[in-house]
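Visitor: What follows is data-v8.cif, mmCIF, C-alpha atoms and all ligand atoms.
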data_model
#
loop_
_atom_site.label_atom_id
_atom_site.label_comp_id
_atom_site.auth_asym_id
_atom_site.auth_seq_id
_atom_site.Cartn_x
_atom_site.Cartn_y
_atom_site.Cartn_z
CA MET Z 1 158.45 210.24 -46.27
CA SER Z 2 158.30 208.59 -49.73
CA PRO Z 3 161.15 209.13 -52.21
CA ILE Z 4 158.70 210.98 -54.51
CA ALA Z 5 157.61 213.31 -51.72
CA ARG Z 6 161.25 214.00 -50.82
CA LEU Z 7 162.00 214.70 -54.45
CA ALA Z 8 159.05 217.05 -54.85
CA ILE Z 9 160.19 219.08 -51.87
CA ARG Z 10 163.80 219.12 -53.03
CA THR Z 11 162.80 220.08 -56.57
CA ALA Z 12 160.21 222.66 -55.65
CA GLY Z 13 162.68 224.36 -53.38
CA ARG Z 14 165.59 224.54 -55.76
CA ALA Z 15 166.29 227.48 -57.95
CA PRO Z 16 170.04 227.95 -57.96
CA PRO Z 17 171.22 230.94 -60.01
CA HIS Z 18 172.71 228.86 -62.84
CA ARG Z 19 169.33 227.23 -63.43
CA ALA Z 20 167.71 230.60 -63.79
CA PHE Z 21 169.69 231.34 -66.96
CA GLY Z 22 167.77 230.92 -70.20
CA ILE Z 23 164.57 229.60 -68.66
CA ALA Z 24 161.82 229.02 -71.19
CA SER Z 25 158.43 228.12 -69.87
CA VAL Z 26 156.74 225.00 -71.19
CA ASN Z 27 153.06 224.92 -71.91
CA LEU Z 28 152.94 221.26 -72.90
CA MET Z 29 152.33 220.13 -69.38
CA ASN Z 30 149.06 218.44 -68.86
CA PRO Z 31 147.11 220.37 -66.21
CA THR Z 32 145.82 217.03 -64.95
CA MET Z 33 149.35 215.94 -64.18
CA PRO Z 34 150.00 215.08 -60.53
CA SER Z 35 151.26 218.10 -58.64
CA ARG Z 36 154.53 216.40 -57.76
CA PHE Z 37 155.44 216.54 -61.45
CA ARG Z 38 154.05 219.99 -62.02
CA ALA Z 39 156.61 221.06 -59.44
CA VAL Z 40 159.33 220.25 -61.98
CA SER Z 41 157.40 221.40 -65.02
CA ALA Z 42 159.49 224.44 -66.00
CA PHE Z 43 161.49 223.49 -69.11
CA HIS Z 44 164.97 224.91 -68.66
CA THR Z 45 167.25 225.15 -71.65
CA PHE Z 46 171.01 225.66 -71.53
CA PRO Z 47 170.58 224.66 -67.91
CA ALA Z 48 173.87 224.51 -66.08
CA LEU Z 49 175.95 225.29 -69.13
CA LEU Z 50 176.81 228.79 -68.08
CA GLN Z 51 177.87 229.72 -64.61
CA GLN Z 52 178.61 233.14 -63.22
CA ASN Z 53 182.29 233.47 -62.40
CA GLY Z 54 183.01 233.42 -58.68
CA ASN Z 55 180.04 234.89 -56.85
CA GLY Z 56 178.66 236.29 -60.06
CA ASN Z 57 179.37 239.97 -59.49
CA GLY Z 58 183.14 240.24 -59.62
CA ASN Z 59 183.82 239.61 -63.28
CA GLY Z 60 181.93 242.20 -65.26
CA GLY Z 61 179.08 239.74 -65.94
CA LYS Z 62 181.42 237.36 -67.84
CA LYS Z 63 180.20 233.78 -67.88
CA ASN Z 64 182.19 230.55 -67.97
CA ILE Z 65 181.11 227.15 -69.20
CA ALA Z 66 180.73 224.83 -66.22
CA PRO Z 67 183.05 221.79 -66.55
CA GLY Z 68 181.14 218.86 -68.08
CA ALA Z 69 178.09 221.03 -68.73
CA PHE Z 70 177.59 220.23 -72.42
CA ALA Z 71 177.66 216.49 -71.71
CA ARG Z 72 175.13 216.34 -68.87
CA THR Z 73 171.41 215.92 -68.55
CA ASP Z 74 169.34 218.53 -66.73
CA ASP Z 75 167.03 216.89 -64.21
CA SER Z 76 164.66 219.84 -64.24
CA ILE Z 77 163.59 219.26 -67.87
CA THR Z 78 160.21 217.57 -67.82
CA VAL Z 79 158.03 216.97 -70.88
CA GLU Z 80 155.00 214.76 -70.76
CA TYR Z 81 153.75 213.23 -74.03
CA PRO Z 82 150.73 215.39 -74.93
CA PRO Z 83 147.18 214.02 -74.98
CA GLU Z 84 145.79 213.01 -78.38
CA GLU Z 85 143.64 216.14 -78.88
CA GLN Z 86 146.73 218.38 -78.66
CA LEU Z 87 148.64 216.54 -81.38
CA PRO Z 88 148.73 218.22 -84.78
CA SER Z 89 147.74 216.41 -87.97
CA SER Z 90 150.54 215.82 -90.52
CA GLU Z 91 150.59 216.90 -94.17
CA PRO Z 92 151.48 214.45 -96.96
CA VAL Z 93 154.80 215.04 -98.71
CA GLU Z 94 154.29 216.68 -102.11
CA GLY Z 95 156.56 217.76 -104.94
CA THR Z 96 158.89 215.87 -107.24
CA ASP Z 97 161.95 217.47 -105.63
CA ARG Z 98 161.02 216.00 -102.22
CA ALA Z 99 159.58 212.57 -102.89
CA GLY Z 100 157.01 212.53 -105.67
CA ALA Z 101 156.76 211.24 -109.20
CA HIS Z 102 159.21 208.84 -110.84
CA ILE Z 103 160.79 211.05 -113.45
CA PHE Z 104 164.37 209.72 -113.38
CA PRO Z 105 165.43 206.10 -113.76
CA THR Z 106 166.62 204.28 -110.67
CA LEU Z 107 167.70 200.72 -109.79
CA ALA Z 108 164.85 198.25 -110.33
CA THR Z 109 165.75 196.52 -107.06
CA PHE Z 110 164.59 199.58 -105.10
CA SER Z 111 161.01 198.95 -106.21
CA LEU Z 112 158.39 197.62 -103.77
CA GLN Z 113 155.97 196.86 -106.61
CA GLY Z 114 153.61 193.98 -105.71
CA LYS Z 115 154.47 194.14 -101.99
CA VAL Z 116 152.08 194.79 -99.12
CA GLY Z 117 153.57 196.87 -96.33
CA VAL Z 118 152.37 197.60 -92.81
CA VAL Z 119 153.39 200.71 -90.92
CA THR Z 120 152.51 200.97 -87.22
CA GLY Z 121 152.03 204.48 -85.85
CA GLY Z 122 151.43 205.46 -89.48
CA ALA Z 123 148.73 208.08 -88.94
CA ARG Z 124 151.19 210.83 -88.17
CA GLY Z 125 154.78 212.01 -88.05
CA LEU Z 126 157.58 209.79 -89.27
CA GLY Z 127 155.38 206.70 -89.73
CA LEU Z 128 153.10 208.53 -92.14
CA VAL Z 129 155.99 209.76 -94.29
CA MET Z 130 157.74 206.36 -94.31
CA GLY Z 131 154.43 204.77 -95.33
CA GLN Z 132 154.05 207.30 -98.12
CA GLY Z 133 157.59 206.44 -99.26
CA MET Z 134 156.59 202.78 -99.48
CA VAL Z 135 153.55 203.67 -101.59
CA ILE Z 136 155.56 205.91 -103.92
CA SER Z 137 157.97 202.96 -104.33
CA GLY Z 138 155.12 200.73 -105.52
CA ALA Z 139 153.71 199.01 -102.41
CA ASP Z 140 150.16 198.73 -101.16
CA LEU Z 141 149.96 199.89 -97.56
CA ALA Z 142 148.13 199.17 -94.31
CA ILE Z 143 148.33 202.05 -91.85
CA VAL Z 144 147.98 200.92 -88.24
CA ASP Z 145 147.38 203.37 -85.43
CA LEU Z 146 145.59 203.95 -82.13
CA ASN Z 147 143.88 206.83 -83.90
CA LYS Z 148 142.00 205.03 -86.68
CA GLU Z 149 140.13 208.15 -87.79
CA GLU Z 150 143.39 210.00 -88.49
CA ALA Z 151 144.82 206.87 -90.15
CA ALA Z 152 141.80 206.70 -92.48
CA LYS Z 153 142.11 210.42 -93.34
CA GLN Z 154 145.80 210.00 -94.14
CA ALA Z 155 145.20 206.83 -96.17
CA GLN Z 156 142.92 208.91 -98.41
CA ASN Z 157 145.49 211.76 -98.51
CA ILE Z 158 148.21 209.36 -99.67
CA VAL Z 159 146.02 208.00 -102.47
CA ASP Z 160 144.94 211.52 -103.53
CA THR Z 161 148.55 212.74 -103.57
CA PHE Z 162 149.62 209.68 -105.59
CA ARG Z 163 146.83 210.30 -108.12
CA LYS Z 164 147.94 213.93 -108.49
CA ASP Z 165 151.59 212.95 -109.03
CA HIS Z 166 150.84 209.92 -111.25
CA PRO Z 167 147.58 210.60 -113.15
CA ASP Z 168 148.42 207.81 -115.62
CA LYS Z 169 149.06 205.06 -113.02
CA LYS Z 170 146.81 202.69 -111.09
CA PRO Z 171 146.57 204.09 -107.57
CA PRO Z 172 147.80 201.93 -104.70
CA ARG Z 173 145.52 200.28 -102.15
CA VAL Z 174 145.96 202.05 -98.81
CA THR Z 175 143.89 200.93 -95.81
CA ALA Z 176 143.59 202.09 -92.20
CA HIS Z 177 143.41 199.81 -89.15
CA TYR Z 178 143.09 200.19 -85.40
CA ALA Z 179 145.56 198.54 -83.02
CA ASP Z 180 147.10 199.20 -79.67
CA VAL Z 181 150.50 197.73 -80.51
CA SER Z 182 151.20 196.92 -76.87
CA ASP Z 183 148.16 194.62 -76.59
CA PRO Z 184 148.62 191.07 -78.00
CA ASP Z 185 144.90 190.52 -78.75
CA SER Z 186 144.62 193.85 -80.51
CA VAL Z 187 147.73 193.09 -82.61
CA GLU Z 188 146.46 189.62 -83.52
CA SER Z 189 143.07 190.85 -84.74
CA CYS Z 190 144.59 193.83 -86.56
CA ILE Z 191 146.98 191.62 -88.52
CA ALA Z 192 144.15 189.17 -89.34
CA GLU Z 193 142.11 192.15 -90.64
CA ILE Z 194 145.01 193.35 -92.83
CA ILE Z 195 145.55 189.87 -94.30
CA ALA Z 196 141.81 189.60 -94.99
CA GLU Z 197 141.85 192.94 -96.86
CA HIS Z 198 145.20 192.69 -98.67
CA GLY Z 199 145.65 188.92 -98.97
CA LYS Z 200 149.18 188.96 -97.47
CA ILE Z 201 151.87 191.03 -95.76
CA ASP Z 202 155.47 191.30 -97.01
CA ASN Z 203 156.95 194.27 -95.20
CA LEU Z 204 156.71 195.88 -91.77
CA VAL Z 205 157.82 199.25 -90.40
CA THR Z 206 157.30 199.75 -86.66
CA SER Z 207 156.95 203.45 -86.02
CA ALA Z 208 154.46 203.42 -83.12
CA GLY Z 209 156.40 204.84 -80.21
CA PHE Z 210 156.80 207.90 -78.06
CA THR Z 211 159.17 209.65 -75.71
CA GLU Z 212 158.80 211.61 -72.51
CA ASN Z 213 161.19 213.54 -70.31
CA PHE Z 214 161.35 213.06 -66.58
CA GLU Z 215 164.41 212.75 -64.38
CA ALA Z 216 164.83 209.04 -63.65
CA VAL Z 217 164.21 209.34 -59.91
CA ALA Z 218 160.81 210.90 -60.63
CA TYR Z 219 159.69 208.74 -63.57
CA PRO Z 220 156.34 207.23 -62.64
CA ILE Z 221 156.57 203.44 -63.04
CA ASP Z 222 153.18 203.20 -64.78
CA ARG Z 223 154.28 205.69 -67.44
CA MET Z 224 157.57 203.86 -67.87
CA ARG Z 225 155.76 200.54 -68.37
CA LYS Z 226 153.47 202.18 -70.92
CA LEU Z 227 156.47 203.59 -72.79
CA TRP Z 228 158.21 200.21 -72.91
CA GLY Z 229 154.90 198.52 -73.77
CA VAL Z 230 154.49 200.63 -76.92
CA ASN Z 231 158.14 200.93 -77.99
CA VAL Z 232 159.41 197.43 -77.12
CA ASP Z 233 156.43 195.05 -76.70
CA GLY Z 234 154.70 196.71 -79.67
CA THR Z 235 157.69 196.10 -81.93
CA TYR Z 236 158.03 192.51 -80.71
CA LEU Z 237 154.34 191.68 -81.09
CA PHE Z 238 154.01 193.06 -84.63
CA ALA Z 239 157.29 191.50 -85.78
CA THR Z 240 156.61 188.02 -84.40
CA THR Z 241 153.00 187.88 -85.59
CA ILE Z 242 153.98 188.93 -89.13
CA ALA Z 243 156.98 186.54 -89.05
CA ARG Z 244 154.58 183.65 -88.28
CA HIS Z 245 152.45 184.70 -91.28
CA LEU Z 246 155.53 184.83 -93.57
CA MET Z 247 156.75 181.44 -92.32
CA GLU Z 248 153.32 179.88 -92.95
CA ARG Z 249 153.41 181.27 -96.50
CA LYS Z 250 157.09 180.24 -96.87
CA ALA Z 251 157.57 183.77 -98.19
CA LYS Z 252 160.49 186.15 -97.87
CA GLY Z 253 159.93 189.38 -96.02
CA SER Z 254 161.72 192.46 -94.78
CA MET Z 255 161.12 194.46 -91.63
CA VAL Z 256 162.42 197.81 -90.43
CA PHE Z 257 162.25 198.64 -86.74
CA VAL Z 258 162.26 202.33 -85.92
CA GLY Z 259 164.80 202.75 -83.17
CA SER Z 260 166.50 206.01 -82.33
CA MET Z 261 170.00 207.34 -81.95
CA SER Z 262 168.96 207.39 -78.27
CA GLY Z 263 169.40 203.61 -78.32
CA ALA Z 264 173.12 204.14 -78.81
CA ILE Z 265 173.92 207.44 -77.09
CA VAL Z 266 172.54 209.49 -74.21
CA ASN Z 267 170.82 212.69 -75.33
CA VAL Z 268 171.52 215.96 -73.56
CA PRO Z 269 170.20 218.00 -71.89
CA GLN Z 270 166.76 216.36 -71.61
CA PRO Z 271 166.65 213.32 -69.30
CA GLN Z 272 164.95 210.25 -70.82
CA ALA Z 273 166.60 207.11 -69.44
CA PRO Z 274 163.63 204.72 -69.98
CA TYR Z 275 163.22 205.84 -73.63
CA ASN Z 276 166.94 205.41 -74.29
CA ALA Z 277 166.86 201.91 -72.79
CA ALA Z 278 163.71 201.04 -74.77
CA LYS Z 279 165.35 202.05 -78.06
CA ALA Z 280 168.50 200.08 -77.18
CA ALA Z 281 166.18 197.10 -76.67
CA VAL Z 282 164.59 197.69 -80.09
CA ARG Z 283 168.04 197.76 -81.72
CA HIS Z 284 169.15 194.49 -80.11
CA LEU Z 285 165.78 192.86 -80.71
CA CYS Z 286 166.35 193.63 -84.38
CA ALA Z 287 169.83 192.04 -84.30
CA SER Z 288 168.56 188.96 -82.43
CA LEU Z 289 165.54 188.37 -84.68
CA SER Z 290 167.62 188.92 -87.82
CA VAL Z 291 169.77 185.94 -86.80
CA GLU Z 292 166.81 183.82 -85.72
CA TRP Z 293 164.89 184.42 -88.95
CA ALA Z 294 167.75 184.57 -91.49
CA GLY Z 295 167.12 180.94 -92.49
CA ALA Z 296 163.46 181.73 -93.14
CA GLY Z 297 164.37 184.52 -95.58
CA ILE Z 298 163.09 187.27 -93.28
CA ARG Z 299 165.39 190.25 -92.97
CA VAL Z 300 165.18 192.57 -89.97
CA ASN Z 301 166.94 195.92 -89.85
CA CYS Z 302 166.72 199.02 -87.72
CA VAL Z 303 166.72 202.70 -88.66
CA SER Z 304 167.81 204.99 -85.87
CA PRO Z 305 166.74 208.58 -86.52
CA GLY Z 306 168.38 211.53 -84.85
CA TYR Z 307 166.45 214.72 -84.06
CA MET Z 308 163.68 214.87 -86.68
CA LEU Z 309 161.56 217.94 -87.29
CA THR Z 310 157.99 216.64 -87.14
CA ALA Z 311 154.88 218.67 -86.39
CA LEU Z 312 155.14 217.42 -82.82
CA THR Z 313 158.80 218.36 -82.27
CA GLN Z 314 158.14 221.69 -84.02
CA LYS Z 315 155.38 222.40 -81.49
CA ILE Z 316 157.80 221.71 -78.63
CA LEU Z 317 160.63 223.74 -80.16
CA ASP Z 318 158.46 226.75 -80.97
CA ASP Z 319 158.43 227.28 -77.22
CA LYS Z 320 162.11 226.59 -76.79
CA PRO Z 321 164.39 228.00 -79.50
CA ASP Z 322 167.35 227.62 -77.14
CA LEU Z 323 166.87 223.88 -77.10
CA LYS Z 324 166.84 223.72 -80.91
CA ARG Z 325 170.09 225.72 -81.03
CA GLN Z 326 171.67 223.36 -78.52
CA TRP Z 327 170.57 220.20 -80.39
CA THR Z 328 171.63 221.61 -83.76
CA SER Z 329 175.03 222.62 -82.43
CA LEU Z 330 175.70 218.92 -81.75
CA ILE Z 331 174.70 217.71 -85.26
CA PRO Z 332 177.63 217.73 -87.76
CA GLN Z 333 175.25 218.42 -90.69
CA GLY Z 334 174.01 221.46 -88.78
CA ARG Z 335 170.27 220.81 -89.08
CA MET Z 336 167.53 218.60 -87.72
CA GLY Z 337 166.29 215.86 -90.03
CA ALA Z 338 163.16 216.18 -92.17
CA PRO Z 339 160.75 213.20 -92.05
CA GLU Z 340 161.32 212.56 -95.75
CA ASP Z 341 165.02 211.95 -94.96
CA LEU Z 342 163.75 208.54 -93.81
CA MET Z 343 161.93 207.63 -97.04
CA GLY Z 344 165.06 206.48 -98.89
CA PRO Z 345 166.69 204.54 -96.02
CA VAL Z 346 163.45 202.68 -95.22
CA THR Z 347 162.67 201.89 -98.87
CA PHE Z 348 166.25 200.66 -99.34
CA LEU Z 349 166.03 198.35 -96.31
CA LEU Z 350 162.61 196.96 -97.29
CA SER Z 351 163.53 196.39 -100.93
CA ASP Z 352 165.71 193.83 -102.70
CA ALA Z 353 168.36 196.54 -103.06
CA SER Z 354 169.42 195.52 -99.53
CA SER Z 355 168.96 191.75 -99.93
CA TYR Z 356 172.32 190.99 -98.20
CA VAL Z 357 171.72 193.46 -95.36
CA THR Z 358 170.19 192.12 -92.16
CA GLY Z 359 170.62 192.94 -88.49
CA ALA Z 360 171.96 196.39 -89.39
CA ASP Z 361 171.29 199.60 -87.52
CA LEU Z 362 171.20 202.46 -90.04
CA ARG Z 363 171.68 205.77 -88.26
CA VAL Z 364 169.85 208.63 -89.96
CA ASP Z 365 171.07 211.38 -87.67
CA GLY Z 366 173.12 213.90 -89.66
CA GLY Z 367 176.25 212.46 -88.07
CA TYR Z 368 175.22 213.06 -84.46
CA THR Z 369 176.39 209.70 -83.16
CA VAL Z 370 179.70 209.82 -85.00
CA THR Z 371 181.15 212.59 -82.84
N1 LIG E 1 160.60 212.56 -83.97
C1 LIG E 1 161.86 212.30 -83.70
O1 LIG E 1 162.70 213.20 -83.60
C2 LIG E 1 162.29 210.87 -83.49
C3 LIG E 1 163.66 210.59 -83.39
C4 LIG E 1 164.06 209.28 -83.23
C5 LIG E 1 163.14 208.26 -83.17
N2 LIG E 1 161.81 208.56 -83.25
C6 LIG E 1 160.88 207.43 -83.20
O2 LIG E 1 160.09 207.45 -84.37
C7 LIG E 1 158.81 206.90 -84.10
C8 LIG E 1 157.73 207.87 -84.56
O3 LIG E 1 157.89 209.10 -83.88
P1 LIG E 1 157.09 210.41 -84.33
O4 LIG E 1 157.94 211.55 -83.96
O5 LIG E 1 156.62 210.26 -85.71
O6 LIG E 1 155.87 210.35 -83.28
P2 LIG E 1 154.34 210.82 -83.45
O7 LIG E 1 153.84 210.97 -82.07
O8 LIG E 1 154.23 211.95 -84.41
O9 LIG E 1 153.64 209.55 -84.12
C9 LIG E 1 153.51 208.32 -83.43
C10 LIG E 1 152.26 207.61 -83.87
O10 LIG E 1 152.17 206.39 -83.12
C11 LIG E 1 150.83 206.22 -82.68
N3 LIG E 1 150.80 205.40 -81.48
C12 LIG E 1 151.22 205.74 -80.23
N4 LIG E 1 150.99 204.74 -79.38
C13 LIG E 1 150.43 203.74 -80.08
C14 LIG E 1 149.95 202.44 -79.75
N5 LIG E 1 150.00 201.98 -78.50
N6 LIG E 1 149.43 201.67 -80.75
C15 LIG E 1 149.35 202.14 -82.01
N7 LIG E 1 149.78 203.35 -82.38
C16 LIG E 1 150.31 204.15 -81.42
C17 LIG E 1 150.31 207.63 -82.44
O11 LIG E 1 148.90 207.68 -82.45
C18 LIG E 1 150.97 208.39 -83.59
O12 LIG E 1 150.15 208.40 -84.74
C19 LIG E 1 158.77 206.63 -82.60
O13 LIG E 1 159.09 205.27 -82.37
C20 LIG E 1 159.87 207.51 -82.06
O14 LIG E 1 160.41 207.03 -80.87
C21 LIG E 1 161.36 209.84 -83.42
#
As a first step, turn the structure in this file into structure tokens.
Ligand SMILES: NC(=O)c1ccc[n+]([C@@H]2O[C@H](COP(=O)([O-])OP(=O)(O)OC[C@H]3O[C@@H](n4cnc5c(N)ncnc54)[C@H](O)[C@@H]3O)[C@@H](O)[C@H]2O)c1

Guide:
Amino acid sequence: MSPIARLAIRTAGRAPPHRAFGIASVNLMNPTMPSRFRAVSAFHTFPALLQQNGNGNGNGGKKNIAPGAFARTDDSITVEYPPEEQLPSSEPVEGTDRAGAHIFPTLATFSLQGKVGVVTGGARGLGLVMGQGMVISGADLAIVDLNKEEAAKQAQNIVDTFRKDHPDKKPPRVTAHYADVSDPDSVESCIAEIIAEHGKIDNLVTSAGFTENFEAVAYPIDRMRKLWGVNVDGTYLFATTIARHLMERKAKGSMVFVGSMSGAIVNVPQPQAPYNAAKAAVRHLCASLSVEWAGAGIRVNCVSPGYMLTALTQKILDDKPDLKRQWTSLIPQGRMGAPEDLMGPVTFLLSDASSYVTGADLRVDGGYTVT
């Protein structure tokens, strides 16, 4: 019997009482998913945290925390990355209190005026907001995504929002481009297209990436390769191709890799070993390239977000308020991050304000990884 078949039988048959506490059903599972994974598709929150005392009926219903429970993963949590048509569209950030118009003076070195930035995975979520931050800081922008239609819609949204906030200023040039970041040919032709349209590239933010939750012994190898292909190969391919362009121009540049706090710690309770390893690779790739390219004037830094409240995570958490409570209880600042919490850190790292910072990993996680 194959290990997967053994696992399916073991998993399908298990329903110990402590797992039954706080079960929230998940509706994110793709109905086309192989049945062996549907067998583990119930999303359990606060899994083994609470155990009945003794046999569960001798202590007036009092519950104890199982030793080690808050620091463990729960193998029964399974979340597959949803198909494209289920992913919500993002809204641009509006309002001077959140990101908008320049009404107060700030350091000139924070400006990205005259720069051309590229953001991968920029059609949605964190990439879109970081890209908007670059535009508000003065850059022209190329949005790269698998979903070119959404990228084009958001490019227009960014320009429209800029015009509304800055009616007296020349609007930035924001373009949309298709690439599968894990495919070298696709990356090569995308970057050539951007250079043809913008004339050059100065800055890169690599936000294309995704996570999934499967216990490691059940993680399908093809899905794991896809995850590493997008998160790791995609970062490497974009960074090296743009570095070659900068070196040919003998121009300085600055890149920000989007890692995750998961590259430094192990999240609980959801199991996601391949994602954690991929983000650790992104962090060390950043450190390694920063050394290799320091002499060429190319800086490479990493931002490692904690739990960020995007439309996608909101969709997941709407089904699982227990999970949100558990995550938030582990964040010293007591809240999940908003996407615009990344605008400042990314702009800082791309701009001359950070000209002596390279190879750094800036955690933007509300203090999660400090405890
Ligand atoms: N959301 C969080 O809480 C969080 C926390 C830490 C790190 N991150 C990281 O931030 C990055 C962005 O996450 P998000 O939450 O905004 O995700 P998201 O799913 O909202 O956006 C990701 C974007 O990347 C694009 N994309 C996916 N595969 C691609 C490919 N092969 N080629 C080109 N584009 C591709 C998608 O179409 C999408 O527009 C990811 O690298 C993620 O791992 C997210």

Visitor: Please find the residues contacting ligand LIG 1 (chain E) at a distance of at most 7 Å between atoms, with all atoms listed in the file counted, and report them as number ranges by chain.

Guide: Z: 120-127, 144-147, 179-182, 207-211, 230-231, 258-261, 304-310, 312-313

Visitor: Go through Z:Val300, Z:Leu204, Z:Pro269, Z:Leu317 and flag the residue nearest Gly68 (chain Z), using only C-alpha atoms for the distances.

Guide: Z:Pro269

Visitor: Measure the distance from CA of Ala251 (chain Z) to CA of Glu193 (chain Z) in Å and round it to one decimal.

Guide: 19.1 Å

Visitor: For a test of reading the model, state the distance in Å between CA of Gly114 (chain Z) and CA of Asp352 (chain Z), rounded to one decimal.

Guide: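 Interatomic distance, CA of Gly114 (chain Z) to CA of Asp352 (chain Z): 12.5 Å.
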
Visitor: Can you pull out every residue within 9 Å of Leu87 (chain Z), counting only C-alpha atoms, but drop anything in the same chain fewer than 4 positions away, and send it as a list in words?

Guide: Pro82, Pro83, Ala311, Leu312 and Lys315 of chain Z

Visitor: Near region 159-166 of chain Z, within 8 Å and counting all atoms listed in the file, which residues show up once chain neighbours fewer than 2 positions away are dropped, as a ChimeraX atom specification?

Guide: /Z:92,94,100-101,136,155-157,168-169,171-174

Visitor: How many Å lie between CA of Val291 (chain Z) and CA of Thr358 (chain Z), rounded to one decimal?

Guide: 8.2 Å

Visitor: Would you mind telling me which residue in Z:Gln314, Z:Ser354, Z:Asn301, Z:Thr371 lies nearest to Leu330 (chain Z) when using only C-alpha atoms?

Guide: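 Checking each candidate against Leu330 (chain Z), we get Z:Thr371 as the closest.
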
Visitor: When distances are computed from all atoms listed in the file, which of Z:Val370, Z:Ile201, Z:Ala296, Z:Val118 shows the smallest separation from Pro332 (chain Z)?

Guide: Z:Val370

Visitor: Sorted by chain and rising residue number, list the residues of region 64-113 of chain Z at most 12 Å from region 333-339 of chain Z (counting all atoms listed in the file), each with its closest atom pair and distance in Å to one decimal, as JSON lines.

Guide:
{"residue": "Z:Ser90", "atom": "CA", "partner": "Z:Pro339", "partner_atom": "CA", "distance": 10.7}
{"residue": "Z:Glu91", "atom": "CA", "partner": "Z:Pro339", "partner_atom": "CA", "distance": 11.0}
{"residue": "Z:Pro92", "atom": "CA", "partner": "Z:Pro339", "partner_atom": "CA", "distance": 10.6}
{"residue": "Z:Val93", "atom": "CA", "partner": "Z:Pro339", "partner_atom": "CA", "distance": 9.1}
{"residue": "Z:Arg98", "atom": "CA", "partner": "Z:Ala338", "partner_atom": "CA", "distance": 10.3}
{"residue": "Z:Ala99", "atom": "CA", "partner": "Z:Pro339", "partner_atom": "CA", "distance": 10.9}

Visitor: When distances are computed from only C-alpha atoms, which of Z:Met130, Z:Ala139, Z:Ala239, Z:Leu112 shows the smallest separation from Pro184 (chain Z)?

Guide: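 Residue with the minimum atom-to-atom distance to Pro184 (chain Z): Z:Ala239.
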
Visitor: So, counting only C-alpha atoms, which residue among Z:Gln113, Z:Asn276, Z:Ser262, Z:Thr78 is closest to Asn203 (chain Z)?

Guide: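 Smallest distance to Asn203 (chain Z) is found for Z:Gln113.
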
Visitor: For Lys226 (chain Z), which of Z:Gly253, Z:Pro274, Z:Gly133, Z:Gly359 is the closest residue, counting only C-alpha atoms?

Guide: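 When distances to Lys226 (chain Z) are compared using only C-alpha atoms, the smallest one comes from Z:Pro274.
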